[in-house]
$ cat my_file38.csv   # CSV, C-alpha atoms and all ligand atoms
chain,number,residue,atom,x,y,z
A,7,MET,CA,23.2,2.7,24.6
A,8,LYS,CA,20.1,4.6,23.6
A,9,ASN,CA,17.4,5.5,26.1
A,10,LEU,CA,13.9,4.8,25.0
A,11,VAL,CA,10.9,6.3,26.8
A,12,ILE,CA,7.6,4.7,26.0
A,13,LEU,CA,4.3,6.5,26.5
A,14,ILE,CA,1.1,4.4,27.0
A,15,SER,CA,-2.5,5.0,28.0
A,16,GLY,CA,-3.8,1.5,28.3
A,17,ARG,CA,-3.0,-2.2,27.9
A,18,GLY,CA,0.5,-1.6,26.6
A,19,SER,CA,0.8,-4.6,24.4
A,20,ASN,CA,3.0,-2.8,21.8
A,21,MET,CA,5.2,-1.5,24.6
A,22,MET,CA,5.6,-5.2,25.8
A,23,ALA,CA,6.5,-6.3,22.2
A,24,ILE,CA,9.1,-3.6,22.0
A,25,ALA,CA,10.6,-4.4,25.4
A,26,GLU,CA,10.7,-8.1,24.6
A,27,ALA,CA,12.4,-7.6,21.3
A,28,CYS,CA,14.9,-5.2,22.8
A,29,ALA,CA,15.9,-7.8,25.3
A,30,ALA,CA,15.7,-10.8,23.0
A,31,GLU,CA,17.6,-9.2,20.1
A,32,GLY,CA,20.1,-7.4,22.3
A,33,TRP,CA,19.5,-3.9,20.9
A,34,ASP,CA,22.0,-1.2,21.9
A,35,ALA,CA,19.1,0.4,23.8
A,36,ARG,CA,17.2,0.2,27.0
A,37,ILE,CA,13.6,1.0,28.0
A,38,ALA,CA,14.5,3.9,30.3
A,39,ALA,CA,10.9,4.4,31.4
A,40,VAL,CA,7.2,3.7,30.7
A,41,ILE,CA,5.1,6.7,31.3
A,42,SER,CA,1.3,6.8,31.3
A,43,ASN,CA,-1.3,9.6,31.5
A,44,ARG,CA,-3.5,7.1,33.4
A,45,ASP,CA,-2.6,5.3,36.6
A,46,ASP,CA,-4.9,2.4,35.7
A,47,ALA,CA,-3.0,1.6,32.4
A,48,GLY,CA,-2.5,-2.1,32.3
A,49,GLY,CA,0.9,-1.9,30.8
A,50,LEU,CA,2.3,-0.2,34.0
A,51,ALA,CA,2.2,-3.4,35.9
A,52,TYR,CA,4.2,-5.3,33.2
A,53,ALA,CA,6.8,-2.5,33.3
A,54,ARG,CA,7.2,-2.7,37.0
A,55,ASP,CA,7.3,-6.5,37.0
A,56,HIS,CA,10.2,-6.2,34.5
A,57,GLY,CA,12.2,-3.7,36.4
A,58,ILE,CA,11.4,-0.8,34.1
A,59,ALA,CA,10.9,2.6,35.7
A,60,THR,CA,7.4,3.9,35.5
A,61,ALA,CA,5.7,7.3,36.0
A,62,VAL,CA,2.2,8.6,35.7
A,63,VAL,CA,1.3,12.1,34.6
A,64,ASP,CA,-2.4,12.3,34.9
A,65,HIS,CA,-3.8,14.7,32.4
A,66,ARG,CA,-6.8,15.4,34.6
A,67,ASN,CA,-4.6,17.2,37.1
A,68,PHE,CA,-3.7,19.9,34.6
A,69,ASP,CA,-5.5,22.9,33.3
A,70,GLY,CA,-5.2,22.4,29.5
A,71,ARG,CA,-2.9,20.7,27.1
A,72,GLU,CA,0.0,23.1,27.4
A,73,ALA,CA,0.3,22.6,31.1
A,74,PHE,CA,0.0,18.8,30.8
A,75,ASP,CA,2.6,18.6,28.0
A,76,ALA,CA,5.0,20.8,30.0
A,77,ALA,CA,4.7,18.5,33.0
A,78,LEU,CA,5.0,15.4,30.8
A,79,ALA,CA,8.1,16.8,29.1
A,80,GLN,CA,9.7,17.4,32.5
A,81,VAL,CA,9.2,13.8,33.6
A,82,ILE,CA,10.3,12.5,30.2
A,83,ASP,CA,13.5,14.6,30.3
A,84,GLY,CA,14.4,13.1,33.7
A,85,PHE,CA,15.0,9.9,31.9
A,86,ALA,CA,17.5,11.4,29.4
A,87,PRO,CA,15.6,10.0,26.4
A,88,ASP,CA,17.1,9.5,23.0
A,89,MET,CA,13.8,8.6,21.6
A,90,ILE,CA,10.1,8.8,22.6
A,91,VAL,CA,7.9,5.9,21.5
A,92,LEU,CA,4.2,6.5,21.5
A,93,ALA,CA,2.5,3.1,22.0
A,94,GLY,CA,-1.3,3.6,22.4
A,95,PHE,CA,-0.8,7.0,24.0
A,96,MET,CA,-4.2,8.6,23.5
A,97,ARG,CA,-3.5,12.3,23.9
A,98,ILE,CA,-3.3,15.0,21.3
A,99,LEU,CA,0.1,16.6,21.7
A,100,THR,CA,0.8,20.3,21.5
A,101,PRO,CA,3.0,21.7,18.7
A,102,GLY,CA,5.6,22.8,21.3
A,103,PHE,CA,5.8,19.3,22.7
A,104,VAL,CA,6.2,17.7,19.3
A,105,GLN,CA,8.9,20.3,18.4
A,106,ARG,CA,10.9,19.6,21.5
A,107,TYR,CA,11.3,16.0,20.4
A,108,ALA,CA,11.3,16.6,16.6
A,109,GLY,CA,12.7,13.7,14.7
A,110,HIS,CA,13.0,11.6,17.9
A,111,MET,CA,9.4,10.6,18.4
A,112,LEU,CA,7.6,7.6,16.7
A,113,ASN,CA,3.9,6.7,16.8
A,114,ILE,CA,1.9,3.7,15.7
A,115,HIS,CA,-1.6,4.3,14.4
A,116,PRO,CA,-4.0,1.5,13.5
A,117,SER,CA,-4.8,2.4,9.9
A,118,LEU,CA,-3.0,2.7,6.6
A,119,LEU,CA,-2.2,6.4,6.9
A,120,PRO,CA,-3.0,8.9,5.4
A,121,ALA,CA,-6.4,7.1,5.5
A,122,PHE,CA,-8.3,7.3,8.7
A,123,PRO,CA,-6.4,9.5,11.1
A,124,GLY,CA,-8.1,9.8,14.5
A,125,LEU,CA,-10.4,7.4,16.3
A,126,HIS,CA,-12.4,4.3,15.4
A,127,THR,CA,-10.2,3.4,12.5
A,128,HIS,CA,-11.3,-0.2,12.1
A,129,ARG,CA,-15.0,0.7,12.1
A,130,ARG,CA,-14.4,3.4,9.6
A,131,ALA,CA,-12.4,1.1,7.3
A,132,ILE,CA,-15.2,-1.5,7.4
A,133,GLU,CA,-17.9,1.1,6.8
A,134,ALA,CA,-16.0,2.5,3.9
A,135,GLY,CA,-15.9,-0.9,2.3
A,136,CYS,CA,-12.1,-1.1,2.4
A,137,LYS,CA,-10.7,-4.4,1.3
A,138,VAL,CA,-7.4,-3.9,3.2
A,139,ALA,CA,-6.6,-2.3,6.5
A,140,GLY,CA,-3.6,-2.1,8.6
A,141,THR,CA,-1.3,-0.1,10.7
A,142,THR,CA,1.4,2.6,10.3
A,143,VAL,CA,4.5,3.6,12.2
A,144,HIS,CA,5.4,7.2,11.5
A,145,VAL,CA,7.5,10.0,12.8
A,146,VAL,CA,5.4,12.4,14.8
A,147,THR,CA,4.8,15.9,13.5
A,148,PRO,CA,2.4,18.5,14.8
A,149,GLU,CA,-0.4,17.4,12.6
A,150,LEU,CA,-2.4,14.5,14.2
A,151,ASP,CA,-1.5,11.0,12.8
A,152,HIS,CA,0.6,12.5,10.2
A,153,GLY,CA,4.3,12.6,9.5
A,154,PRO,CA,6.9,10.6,7.5
A,155,ILE,CA,6.0,6.9,7.3
A,156,VAL,CA,8.6,4.4,8.6
A,157,ALA,CA,6.7,1.2,8.0
A,158,GLN,CA,3.2,-0.2,7.3
A,159,ALA,CA,1.5,-3.6,7.8
A,160,VAL,CA,-1.5,-4.7,5.8
A,161,VAL,CA,-4.3,-7.2,6.5
A,162,PRO,CA,-7.2,-8.1,4.3
A,163,VAL,CA,-10.6,-6.9,5.5
A,164,ARG,CA,-12.8,-10.1,5.5
A,165,PRO,CA,-16.5,-9.9,4.6
A,166,ASP,CA,-17.5,-11.1,8.1
A,167,ASP,CA,-15.0,-8.8,9.9
A,168,THR,CA,-16.2,-6.8,12.9
A,169,GLU,CA,-14.4,-3.9,14.4
A,170,ASP,CA,-13.1,-6.3,17.1
A,171,THR,CA,-11.9,-9.1,14.8
A,172,LEU,CA,-10.2,-6.6,12.5
A,173,ALA,CA,-8.6,-4.8,15.4
A,174,ALA,CA,-7.3,-8.1,16.8
A,175,ARG,CA,-5.6,-9.1,13.5
A,176,VAL,CA,-4.1,-5.7,13.0
A,177,LEU,CA,-2.7,-5.8,16.5
A,178,VAL,CA,-0.9,-9.0,15.8
A,179,MET,CA,0.8,-7.2,12.9
A,180,GLU,CA,1.6,-4.2,15.1
A,181,HIS,CA,3.5,-6.5,17.4
A,182,TRP,CA,5.8,-7.4,14.5
A,183,LEU,CA,6.0,-4.0,12.9
A,184,TYR,CA,6.6,-1.6,15.8
A,185,PRO,CA,9.6,-3.5,17.3
A,186,ARG,CA,11.2,-3.7,13.9
A,187,ALA,CA,10.7,0.0,13.2
A,188,VAL,CA,12.1,1.0,16.6
A,189,ARG,CA,15.1,-1.3,16.1
A,190,TRP,CA,15.8,0.3,12.8
A,191,TRP,CA,15.8,3.7,14.5
A,192,VAL,CA,18.1,2.4,17.2
A,193,GLU,CA,20.5,1.0,14.7
A,194,GLY,CA,20.6,4.2,12.6
A,195,SER,CA,19.2,2.3,9.6
A,196,LEU,CA,16.7,4.9,8.6
A,197,ALA,CA,17.4,7.8,6.2
A,198,HIS,CA,15.4,10.7,5.1
A,199,THR,CA,15.2,11.3,1.3
A,200,ASP,CA,15.4,14.8,0.0
A,201,ASP,CA,11.7,14.9,-0.5
A,202,GLY,CA,10.9,13.9,3.1
A,203,ARG,CA,10.3,10.2,2.8
A,204,ILE,CA,12.0,7.6,5.1
A,205,VAL,CA,13.8,4.7,3.6
A,206,HIS,CA,15.7,1.8,5.1
A,207,ARG,CA,19.4,2.2,4.2
A,208,GLY,CA,19.8,-1.6,3.7
A,209,GLY,CA,16.7,-2.0,1.7
A,210,GLU,CA,14.8,-4.0,4.3
A,211,PRO,CA,11.1,-4.2,3.4
A,212,GLN,CA,9.1,-1.4,5.1
A,213,SER,CA,5.8,-3.2,4.4
A,214,LEU,CA,4.5,-6.3,6.0
A,215,PHE,CA,1.6,-8.4,4.8
A,216,GLU,CA,-0.5,-10.7,6.9
A,217,GLY,CA,0.5,-14.3,6.3
A,218,SER,CA,3.8,-13.5,4.6
A,301,LIG,C1,-2.8,0.1,19.2
A,301,LIG,O1,-3.6,-0.6,18.3
A,301,LIG,C2,-2.3,1.4,18.6
A,301,LIG,O2,-2.2,1.3,17.2
A,301,LIG,C3,-3.4,2.3,18.9
A,301,LIG,O3,-3.8,2.0,20.2
A,301,LIG,C4,-3.6,0.6,20.4
A,301,LIG,C5,-2.8,0.4,21.7
A,301,LIG,O4,-2.7,-0.9,22.0
A,301,LIG,N1,-3.0,3.7,18.9
A,301,LIG,C6,-3.8,4.7,18.5
A,301,LIG,O5,-5.0,4.5,18.2
A,301,LIG,C7,-3.1,6.0,18.5
A,301,LIG,N2,-3.8,6.9,17.7
A,301,LIG,P1,-1.7,-1.4,23.2
A,301,LIG,O6,-1.9,-0.4,24.4
A,301,LIG,O7,-2.0,-2.8,23.5
A,301,LIG,O8,-0.3,-1.2,22.6
$ encode --input "my_file38.csv" --output "structure tokens" --more "lines below"
Ligand code: GAR
Amino acid sequence: MKNLVILISGRGSNMMAIAEACAAEGWDARIAAVISNRDDAGGLAYARDHGIATAVVDHRNFDGREAFDAALAQVIDGFAPDMIVLAGFMRILTPGFVQRYAGHMLNIHPSLLPAFPGLHTHRRAIEAGCKVAGTTVHVVTPELDHGPIVAQAVVPVRPDDTEDTLAARVLVMEHWLYPRAVRWWVEGSLAHTDDGRIVHRGGEPQSLFEGS
């Protein structure tokens, strides 16, 4: 049984989607803990209500990223994690932290990487005149919003889309995509190619399209 530790900073809807899929689909895994850098993160209440251990490591209590990441790692390691799942965790991680969990940490980012790393992805996609937008699950590497892509989901950008309407449609896709990607990892279905890409061993589609 694999121990998943999920890091959140806010509402935690992706964390909930993963927890629900894990239970409903009977993964050989458990959510060992949900950890947040904010004590007001909405997702913490869901975790507590579902008997999942929670912890808060408030970044404001630390003098710099190194000290915060060291404290965070200590708390994470207390839950004997096999995998760290970043689900709306809005902190830039130090290279040392990323290295500690190298190959064992996934992130979801609300754009079709490598386009639009960083913040305000939906606004930037609309402003750039993009006709599609979406979300990416990737292995975390020291470079922000970078790293081998596990899966992507695509939605059309409609002419009347606002940042909020686009974000809402992408989020629906995230709730399909992220549990699927985490399950693949739990099952051991993902393989690295020699040139550093990630493929599904059984050939399951690593792309999802709205409406399909
Ligand atoms: C999600 O849309 C996720 O892609 C994004 O934050 C949202 C969290 O929502 N993550 C990032 O922007 C990370 N760079 P949630 O708390 O409801 O899961």
$ residues_near_ligand --input "my_file38.csv" --ligand "ligand LIG 301 (chain A)" --cutoff "8 Å" --atoms "only C-alpha atoms and all ligand atoms" --output "ChimeraX atom specification"
/A:14-22,49,92-96,113-117,123-127,141-142,151,173,176-177,180
$ atom_distance --input "my_file38.csv" --atom1 "CA of Thr60 (chain A)" --atom2 "CA of Ile41 (chain A)"
5.5 Å
$ residues_around --input "my_file38.csv" --residues "Gly202 (chain A)" --least-positions-apart "5" --cutoff "12 Å" --atoms "all atoms listed in the file" --output "PyMOL selection string"
chain A and resi 109+145+153-156+197
$ residues_near_point --input "my_file38.csv" --point "(25.9, 0.1, 22.2)" --cutoff "9 Å" --atoms "all atoms listed in the file" --output "ChimeraX atom specification"
/A:7-8,33-35
$ atom_distance --input "my_file38.csv" --atom1 "CA of Arg203 (chain A)" --atom2 "CA of His144 (chain A)"
10.4 Å
$ closest_residue --input "my_file38.csv" --among "A:Pro101, A:Gly135, A:Gly57, A:Pro185" --to "Glu149 (chain A)" --atoms "all atoms listed in the file"
A:Pro101
$ residues_around --input "my_file38.csv" --residues "Met89 (chain A)" --least-positions-apart "3" --cutoff "9 Å" --atoms "all atoms listed in the file" --output "PyMOL selection string"
chain A and resi 8-12+107+109-112+191-192
$ atom_distance --input "my_file38.csv" --atom1 "CA of Val138 (chain A)" --atom2 "CA of Thr171 (chain A)"
13.5 Å
$ closest_residue --input "my_file38.csv" --among "A:Arg44, A:Arg54, A:His206, A:His152" --to "Arg189 (chain A)" --atoms "all atoms listed in the file"
A:His206
$ closest_residue --input "my_file38.csv" --among "A:Ala108, A:Leu150, A:Leu118, A:Val143" --to "Arg186 (chain A)" --atoms "only C-alpha atoms"
A:Val143
$ decode --input "my_file38.csv" --residues "region 10-36 of chain A" --atoms "N, CA, C and O atoms" --output "PDB file, in the first residue's frame"
ATOM      1  N   LEU A  10       0.355   8.315   0.080  1.00  0.00           N
ATOM      2  CA  LEU A  10       0.361   9.571  -0.674  1.00  0.00           C
ATOM      3  C   LEU A  10       0.246  10.726   0.311  1.00  0.00           C
ATOM      4  O   LEU A  10      -0.616  10.708   1.193  1.00  0.00           O
ATOM      5  N   VAL A  11       1.107  11.701   0.156  1.00  0.00           N
ATOM      6  CA  VAL A  11       0.991  12.937   0.940  1.00  0.00           C
ATOM      7  C   VAL A  11       0.637  14.050  -0.042  1.00  0.00           C
ATOM      8  O   VAL A  11       1.335  14.252  -1.043  1.00  0.00           O
ATOM      9  N   ILE A  12      -0.482  14.730   0.230  1.00  0.00           N
ATOM     10  CA  ILE A  12      -0.976  15.756  -0.689  1.00  0.00           C
ATOM     11  C   ILE A  12      -0.760  17.135  -0.071  1.00  0.00           C
ATOM     12  O   ILE A  12      -1.133  17.364   1.089  1.00  0.00           O
ATOM     13  N   LEU A  13      -0.145  18.023  -0.826  1.00  0.00           N
ATOM     14  CA  LEU A  13       0.103  19.390  -0.355  1.00  0.00           C
ATOM     15  C   LEU A  13      -0.878  20.341  -1.032  1.00  0.00           C
ATOM     16  O   LEU A  13      -1.014  20.314  -2.269  1.00  0.00           O
ATOM     17  N   ILE A  14      -1.525  21.171  -0.239  1.00  0.00           N
ATOM     18  CA  ILE A  14      -2.496  22.139  -0.763  1.00  0.00           C
ATOM     19  C   ILE A  14      -2.218  23.515  -0.157  1.00  0.00           C
ATOM     20  O   ILE A  14      -1.543  23.630   0.875  1.00  0.00           O
ATOM     21  N   SER A  15      -2.786  24.536  -0.815  1.00  0.00           N
ATOM     22  CA  SER A  15      -2.733  25.882  -0.238  1.00  0.00           C
ATOM     23  C   SER A  15      -4.118  26.493  -0.105  1.00  0.00           C
ATOM     24  O   SER A  15      -4.259  27.555   0.492  1.00  0.00           O
ATOM     25  N   GLY A  16      -5.128  25.861  -0.702  1.00  0.00           N
ATOM     26  CA  GLY A  16      -6.441  26.513  -0.734  1.00  0.00           C
ATOM     27  C   GLY A  16      -7.584  25.535  -0.693  1.00  0.00           C
ATOM     28  O   GLY A  16      -7.617  24.624   0.138  1.00  0.00           O
ATOM     29  N   ARG A  17      -8.463  25.703  -1.654  1.00  0.00           N
ATOM     30  CA  ARG A  17      -9.751  24.984  -1.658  1.00  0.00           C
ATOM     31  C   ARG A  17      -9.584  23.468  -1.679  1.00  0.00           C
ATOM     32  O   ARG A  17     -10.372  22.735  -1.103  1.00  0.00           O
ATOM     33  N   GLY A  18      -8.592  22.978  -2.391  1.00  0.00           N
ATOM     34  CA  GLY A  18      -8.308  21.541  -2.324  1.00  0.00           C
ATOM     35  C   GLY A  18      -9.222  20.652  -3.152  1.00  0.00           C
ATOM     36  O   GLY A  18      -9.333  19.457  -2.880  1.00  0.00           O
ATOM     37  N   SER A  19      -9.817  21.197  -4.191  1.00  0.00           N
ATOM     38  CA  SER A  19     -10.760  20.362  -4.955  1.00  0.00           C
ATOM     39  C   SER A  19     -10.040  19.234  -5.693  1.00  0.00           C
ATOM     40  O   SER A  19     -10.607  18.149  -5.862  1.00  0.00           O
ATOM     41  N   ASN A  20      -8.819  19.448  -6.134  1.00  0.00           N
ATOM     42  CA  ASN A  20      -8.075  18.352  -6.773  1.00  0.00           C
ATOM     43  C   ASN A  20      -7.729  17.267  -5.756  1.00  0.00           C
ATOM     44  O   ASN A  20      -7.790  16.069  -6.064  1.00  0.00           O
ATOM     45  N   MET A  21      -7.352  17.689  -4.560  1.00  0.00           N
ATOM     46  CA  MET A  21      -7.085  16.720  -3.489  1.00  0.00           C
ATOM     47  C   MET A  21      -8.328  15.871  -3.235  1.00  0.00           C
ATOM     48  O   MET A  21      -8.240  14.639  -3.088  1.00  0.00           O
ATOM     49  N   MET A  22      -9.508  16.527  -3.196  1.00  0.00           N
ATOM     50  CA  MET A  22     -10.751  15.768  -2.952  1.00  0.00           C
ATOM     51  C   MET A  22     -11.005  14.776  -4.080  1.00  0.00           C
ATOM     52  O   MET A  22     -11.404  13.631  -3.834  1.00  0.00           O
ATOM     53  N   ALA A  23     -10.768  15.203  -5.319  1.00  0.00           N
ATOM     54  CA  ALA A  23     -10.990  14.310  -6.462  1.00  0.00           C
ATOM     55  C   ALA A  23     -10.076  13.087  -6.356  1.00  0.00           C
ATOM     56  O   ALA A  23     -10.493  11.956  -6.646  1.00  0.00           O
ATOM     57  N   ILE A  24      -8.842  13.308  -5.927  1.00  0.00           N
ATOM     58  CA  ILE A  24      -7.894  12.196  -5.789  1.00  0.00           C
ATOM     59  C   ILE A  24      -8.320  11.275  -4.639  1.00  0.00           C
ATOM     60  O   ILE A  24      -8.339  10.047  -4.776  1.00  0.00           O
ATOM     61  N   ALA A  25      -8.698  11.867  -3.512  1.00  0.00           N
ATOM     62  CA  ALA A  25      -9.113  11.058  -2.353  1.00  0.00           C
ATOM     63  C   ALA A  25     -10.344  10.230  -2.703  1.00  0.00           C
ATOM     64  O   ALA A  25     -10.446   9.049  -2.340  1.00  0.00           O
ATOM     65  N   GLU A  26     -11.277  10.833  -3.431  1.00  0.00           N
ATOM     66  CA  GLU A  26     -12.511  10.115  -3.781  1.00  0.00           C
ATOM     67  C   GLU A  26     -12.223   8.995  -4.773  1.00  0.00           C
ATOM     68  O   GLU A  26     -12.753   7.885  -4.646  1.00  0.00           O
ATOM     69  N   ALA A  27     -11.365   9.258  -5.750  1.00  0.00           N
ATOM     70  CA  ALA A  27     -11.032   8.210  -6.724  1.00  0.00           C
ATOM     71  C   ALA A  27     -10.277   7.078  -6.037  1.00  0.00           C
ATOM     72  O   ALA A  27     -10.513   5.895  -6.324  1.00  0.00           O
ATOM     73  N   CYS A  28      -9.389   7.419  -5.130  1.00  0.00           N
ATOM     74  CA  CYS A  28      -8.603   6.410  -4.406  1.00  0.00           C
ATOM     75  C   CYS A  28      -9.532   5.455  -3.662  1.00  0.00           C
ATOM     76  O   CYS A  28      -9.366   4.228  -3.724  1.00  0.00           O
ATOM     77  N   ALA A  29     -10.558   6.033  -3.000  1.00  0.00           N
ATOM     78  CA  ALA A  29     -11.511   5.203  -2.252  1.00  0.00           C
ATOM     79  C   ALA A  29     -12.431   4.431  -3.198  1.00  0.00           C
ATOM     80  O   ALA A  29     -12.619   3.223  -3.053  1.00  0.00           O
ATOM     81  N   ALA A  30     -12.978   5.134  -4.184  1.00  0.00           N
ATOM     82  CA  ALA A  30     -13.988   4.515  -5.052  1.00  0.00           C
ATOM     83  C   ALA A  30     -13.389   3.430  -5.940  1.00  0.00           C
ATOM     84  O   ALA A  30     -14.034   2.416  -6.222  1.00  0.00           O
ATOM     85  N   GLU A  31     -12.142   3.635  -6.364  1.00  0.00           N
ATOM     86  CA  GLU A  31     -11.533   2.688  -7.307  1.00  0.00           C
ATOM     87  C   GLU A  31     -10.644   1.662  -6.601  1.00  0.00           C
ATOM     88  O   GLU A  31     -10.048   0.813  -7.253  1.00  0.00           O
ATOM     89  N   GLY A  32     -10.553   1.793  -5.278  1.00  0.00           N
ATOM     90  CA  GLY A  32      -9.800   0.799  -4.509  1.00  0.00           C
ATOM     91  C   GLY A  32      -8.328   0.734  -4.857  1.00  0.00           C
ATOM     92  O   GLY A  32      -7.758  -0.353  -4.992  1.00  0.00           O
ATOM     93  N   TRP A  33      -7.695   1.905  -4.991  1.00  0.00           N
ATOM     94  CA  TRP A  33      -6.260   1.924  -5.286  1.00  0.00           C
ATOM     95  C   TRP A  33      -5.492   1.224  -4.167  1.00  0.00           C
ATOM     96  O   TRP A  33      -5.917   1.241  -3.010  1.00  0.00           O
ATOM     97  N   ASP A  34      -4.343   0.710  -4.503  1.00  0.00           N
ATOM     98  CA  ASP A  34      -3.444   0.162  -3.494  1.00  0.00           C
ATOM     99  C   ASP A  34      -2.638   1.324  -2.889  1.00  0.00           C
ATOM    100  O   ASP A  34      -1.413   1.390  -3.012  1.00  0.00           O
ATOM    101  N   ALA A  35      -3.377   2.252  -2.296  1.00  0.00           N
ATOM    102  CA  ALA A  35      -2.766   3.480  -1.772  1.00  0.00           C
ATOM    103  C   ALA A  35      -3.711   4.093  -0.749  1.00  0.00           C
ATOM    104  O   ALA A  35      -4.905   3.779  -0.718  1.00  0.00           O
ATOM    105  N   ARG A  36      -3.141   4.949   0.084  1.00  0.00           N
ATOM    106  CA  ARG A  36      -3.951   5.704   1.036  1.00  0.00           C
ATOM    107  C   ARG A  36      -3.453   7.126   1.082  1.00  0.00           C
ATOM    108  O   ARG A  36      -2.268   7.385   0.805  1.00  0.00           O
TER     109      ARG A  36
END
